[in-house]
Amino acid sequence: MIAIPTIELRRGHCPQPGQATADEGAAPLGSPLSVARLWAHAGFQRLQVIDADAESGQGSNAALVENIVRDGVIEVQVSGGVQSTDEIERLIDAGAVSVIVGIRGIDEPRWLASVAESFPGQIVLGTDVRERRVVTRGWVRSLPLDIFDLLDSLGGLPLGGVLLSAPALNEHRTGVDLALLEEVAESCDFPLLAAGGVSTMNDLRALEHRGVAAAVLGGTLYTGELDARAVAQEFGG
């Protein structure tokens, strides 16, 4: 299993974890490219770059995302509002190892099949899950679709993986639903990436033990709750 740090882009900056924007009082973490290089120098093999503005429909950091990808110091998977085949092609051509698609991939299975066939092994379907149900629209819209029914519908597609995000198990935003992830890993024909709830090295080891291919990490790396170098040493790839 590998651990994948995230960089979230808002208005051309990397805001501090927990900030909705980069101008809410605390200074940004630094230039996005310098933050990407820091994770590479810490020993991580792969980074997830999230265009939060594109994801929320409030803008785009497309040029900045491409700059990080083209830098080449670390493998990059891109997420956040990717809605078209042209966007995917541009990112892959720039050097992204994978592109995460979400809502459109779920709502339009024919489009998902088309881009998966065009870019085999490089498309990851991302979805939020609550109580085994697929959730979209920022945790507002819960579809009458069981996550395992969704996985069944993906059979045969040359996807690069499925990214499963789930809410934390308790009010402190910690805890991983290991039983669900183990069941999903066993049901998947492709790698399972998991996001959410990881706060300790033991959480990471438990995910690895249950067949998860990658753990996507956010705030706990930035705050030091997880020791970045220790994580990279054991799970950097």
# chains A, B, ... in the order shown; residues from 1 in each chain; ligands from 1
call {"tool": "residues_around", "arguments": {"residues": "segment 195-201 of chain A", "least_positions_apart": "2", "cutoff": "12 Å", "atoms": "only C-alpha atoms", "output": "NGL selection string"}}
result
:A and (3-6 or 48 or 126-130 or 162-178 or 181 or 192-193 or 203-208 or 212-235)
call {"tool": "atom_distance", "arguments": {"atom1": "atom CA of Asp146 of chain A", "atom2": "atom CA of Val134 of chain A"}}
result
6.3 Å
call {"tool": "residues_around", "arguments": {"residues": "Ala54 of chain A", "least_positions_apart": "4", "cutoff": "7 Å", "atoms": "only C-alpha atoms", "output": "list in words"}}
result
Gln58, Gly59, Ser60, Gly80 and Gly81 of chain A
call {"tool": "write_last_selection", "arguments": {"atoms": "N, CA and C atoms", "output": "PDB file, in the first residue's frame"}}
result
ATOM      1  N   GLN A  58     -16.560  27.180  -8.794  1.00  0.00           N
ATOM      2  CA  GLN A  58     -16.263  28.575  -8.490  1.00  0.00           C
ATOM      3  C   GLN A  58     -14.976  29.056  -9.149  1.00  0.00           C
ATOM      4  N   GLY A  59     -14.536  28.393 -10.195  1.00  0.00           N
ATOM      5  CA  GLY A  59     -13.319  28.819 -10.865  1.00  0.00           C
ATOM      6  C   GLY A  59     -12.513  27.632 -11.323  1.00  0.00           C
ATOM      7  N   SER A  60     -11.246  27.884 -11.617  1.00  0.00           N
ATOM      8  CA  SER A  60     -10.378  26.818 -12.098  1.00  0.00           C
ATOM      9  C   SER A  60      -8.930  27.166 -11.811  1.00  0.00           C
ATOM     10  N   GLY A  80     -10.953  16.841  -8.920  1.00  0.00           N
ATOM     11  CA  GLY A  80     -11.629  18.111  -8.713  1.00  0.00           C
ATOM     12  C   GLY A  80     -12.276  18.658  -9.965  1.00  0.00           C
ATOM     13  N   GLY A  81     -13.542  18.303 -10.165  1.00  0.00           N
ATOM     14  CA  GLY A  81     -14.315  18.917 -11.238  1.00  0.00           C
ATOM     15  C   GLY A  81     -13.967  18.511 -12.645  1.00  0.00           C
TER      16      GLY A  81
END
call {"tool": "closest_residue", "arguments": {"among": "A:Ala113, A:Leu9, A:Ile100, A:Val124", "to": "Ala63 of chain A", "atoms": "only C-alpha atoms"}}
result
A:Leu9
call {"tool": "residues_around", "arguments": {"residues": "Val49 of chain A", "least_positions_apart": "2", "cutoff": "8 Å", "atoms": "only C-alpha atoms", "output": "compact mmCIF listing (two decimals) with N, CA and C atoms, in the first residue's frame"}}
result
# COMPACT_ATOMS: atom_id res chain seq x y z
N THR A 6 -2.22 15.02 -0.20
CA THR A 6 -3.04 15.84 -1.09
C THR A 6 -2.59 17.29 -1.02
N ILE A 7 -2.77 17.96 -2.14
CA ILE A 7 -2.65 19.42 -2.21
C ILE A 7 -3.98 19.94 -2.73
N GLU A 8 -4.59 20.83 -1.99
CA GLU A 8 -5.87 21.42 -2.40
C GLU A 8 -5.62 22.84 -2.89
N LEU A 9 -6.11 23.14 -4.08
CA LEU A 9 -5.88 24.44 -4.69
C LEU A 9 -7.14 25.29 -4.64
N LEU A 47 1.29 12.10 -5.42
CA LEU A 47 0.58 13.22 -4.83
C LEU A 47 -0.78 13.33 -5.50
N ASP A 51 -8.28 20.34 -7.48
CA ASP A 51 -8.71 21.68 -7.87
C ASP A 51 -10.06 21.93 -7.19
N VAL A 65 -2.45 23.39 -12.00
CA VAL A 65 -2.44 21.93 -11.91
C VAL A 65 -1.45 21.36 -12.94
N VAL A 76 1.68 12.46 -10.13
CA VAL A 76 0.50 13.24 -9.75
C VAL A 76 -0.77 12.59 -10.27
N GLN A 77 -1.74 12.43 -9.37
CA GLN A 77 -3.09 12.10 -9.79
C GLN A 77 -3.95 13.32 -9.52
N VAL A 78 -4.84 13.63 -10.45
CA VAL A 78 -5.57 14.89 -10.42
C VAL A 78 -7.05 14.63 -10.15
N SER A 79 -7.63 15.46 -9.30
CA SER A 79 -9.06 15.37 -9.04
C SER A 79 -9.64 16.77 -8.90
call {"tool": "select_by_dssp", "arguments": {"residues": "segment 1-225 of chain A", "states": "strand (DSSP E or B)", "output": "ChimeraX atom specification"}}
result
/A:2-10,13,46-51,75-79,98-101,123-130,133-136,141-146,161-165,192-195,214-217
call {"tool": "write_last_selection", "arguments": {"atoms": "C-alpha atoms", "output": "PDB file, in the first residue's frame"}}
result
ATOM      1  CA  ILE A   2       1.118   3.552  -0.667  1.00  0.00           C
ATOM      2  CA  ALA A   3       0.180   6.755   1.130  1.00  0.00           C
ATOM      3  CA  ILE A   4      -0.711   9.735  -1.052  1.00  0.00           C
ATOM      4  CA  PRO A   5      -0.602  13.297   0.331  1.00  0.00           C
ATOM      5  CA  THR A   6      -3.036  15.839  -1.088  1.00  0.00           C
ATOM      6  CA  ILE A   7      -2.648  19.423  -2.214  1.00  0.00           C
ATOM      7  CA  GLU A   8      -5.871  21.416  -2.397  1.00  0.00           C
ATOM      8  CA  LEU A   9      -5.879  24.444  -4.691  1.00  0.00           C
ATOM      9  CA  ARG A  10      -8.089  27.465  -4.069  1.00  0.00           C
ATOM     10  CA  HIS A  13      -3.004  28.942  -3.416  1.00  0.00           C
ATOM     11  CA  ARG A  46       2.626  10.097  -5.510  1.00  0.00           C
ATOM     12  CA  LEU A  47       0.579  13.216  -4.831  1.00  0.00           C
ATOM     13  CA  GLN A  48      -3.094  13.997  -5.318  1.00  0.00           C
ATOM     14  CA  VAL A  49      -3.759  17.524  -6.583  1.00  0.00           C
ATOM     15  CA  ILE A  50      -7.324  18.695  -5.978  1.00  0.00           C
ATOM     16  CA  ASP A  51      -8.714  21.682  -7.867  1.00  0.00           C
ATOM     17  CA  GLU A  75       3.792  11.339  -9.702  1.00  0.00           C
ATOM     18  CA  VAL A  76       0.499  13.239  -9.746  1.00  0.00           C
ATOM     19  CA  GLN A  77      -3.092  12.095  -9.794  1.00  0.00           C
ATOM     20  CA  VAL A  78      -5.572  14.892 -10.420  1.00  0.00           C
ATOM     21  CA  SER A  79      -9.060  15.370  -9.042  1.00  0.00           C
ATOM     22  CA  SER A  98      -4.248   9.177 -13.342  1.00  0.00           C
ATOM     23  CA  VAL A  99      -7.323  11.376 -13.374  1.00  0.00           C
ATOM     24  CA  ILE A 100     -10.133  11.007 -10.865  1.00  0.00           C
ATOM     25  CA  VAL A 101     -13.644  11.485 -12.190  1.00  0.00           C
ATOM     26  CA  ILE A 123      -9.058   6.710 -14.905  1.00  0.00           C
ATOM     27  CA  VAL A 124     -10.080   6.427 -11.262  1.00  0.00           C
ATOM     28  CA  LEU A 125     -13.740   6.667 -10.289  1.00  0.00           C
ATOM     29  CA  GLY A 126     -14.174   8.668  -7.105  1.00  0.00           C
ATOM     30  CA  THR A 127     -17.257   8.506  -4.926  1.00  0.00           C
ATOM     31  CA  ASP A 128     -18.355   9.417  -1.418  1.00  0.00           C
ATOM     32  CA  VAL A 129     -20.170   6.784   0.590  1.00  0.00           C
ATOM     33  CA  ARG A 130     -22.477   7.064   3.565  1.00  0.00           C
ATOM     34  CA  ARG A 133     -24.890   4.423  -0.300  1.00  0.00           C
ATOM     35  CA  VAL A 134     -23.285   6.481  -3.030  1.00  0.00           C
ATOM     36  CA  VAL A 135     -23.404  10.172  -2.140  1.00  0.00           C
ATOM     37  CA  THR A 136     -22.810  13.111  -4.484  1.00  0.00           C
ATOM     38  CA  ARG A 141     -27.543  14.065  -2.610  1.00  0.00           C
ATOM     39  CA  SER A 142     -27.710  10.423  -1.592  1.00  0.00           C
ATOM     40  CA  LEU A 143     -28.442   8.106  -4.489  1.00  0.00           C
ATOM     41  CA  PRO A 144     -30.547   4.966  -4.072  1.00  0.00           C
ATOM     42  CA  LEU A 145     -27.476   3.029  -5.142  1.00  0.00           C
ATOM     43  CA  ASP A 146     -25.567   0.631  -2.950  1.00  0.00           C
ATOM     44  CA  GLY A 161      -9.005   2.179  -9.470  1.00  0.00           C
ATOM     45  CA  VAL A 162     -11.867   3.372  -7.305  1.00  0.00           C
ATOM     46  CA  LEU A 163     -11.384   6.145  -4.751  1.00  0.00           C
ATOM     47  CA  LEU A 164     -13.752   5.699  -1.840  1.00  0.00           C
ATOM     48  CA  SER A 165     -14.290   8.615   0.548  1.00  0.00           C
ATOM     49  CA  LEU A 192      -9.073   0.510  -4.020  1.00  0.00           C
ATOM     50  CA  LEU A 193      -7.972   3.943  -2.842  1.00  0.00           C
ATOM     51  CA  ALA A 194      -9.375   5.112   0.491  1.00  0.00           C
ATOM     52  CA  ALA A 195      -9.732   8.635   1.887  1.00  0.00           C
ATOM     53  CA  ALA A 214      -3.577   3.446  -1.414  1.00  0.00           C
ATOM     54  CA  ALA A 215      -4.542   5.788   1.407  1.00  0.00           C
ATOM     55  CA  VAL A 216      -5.170   9.408   0.433  1.00  0.00           C
ATOM     56  CA  LEU A 217      -4.168  11.712   3.287  1.00  0.00           C
TER      57      LEU A 217
END
call {"tool": "closest_residue", "arguments": {"among": "A:Ala94, A:Leu159, A:Val69, A:Leu151", "to": "Ser114 of chain A", "atoms": "only C-alpha atoms"}}
result
A:Leu159
call {"tool": "atom_distance", "arguments": {"atom1": "atom CA of Arg104 of chain A", "atom2": "atom CA of Thr85 of chain A"}}
result
11.0 Å
call {"tool": "select_by_dssp", "arguments": {"residues": "segment 24-218 of chain A", "states": "helix (DSSP H, G or I)", "output": "PyMOL selection string"}}
result
chain A and resi 32-42+52-56+62-71+85-94+103-107+109-118+147-153+178-187+201-209
call {"tool": "atom_distance", "arguments": {"atom1": "atom CA of Gly155 of chain A", "atom2": "atom CA of Cys188 of chain A"}}
result
8.4 Å
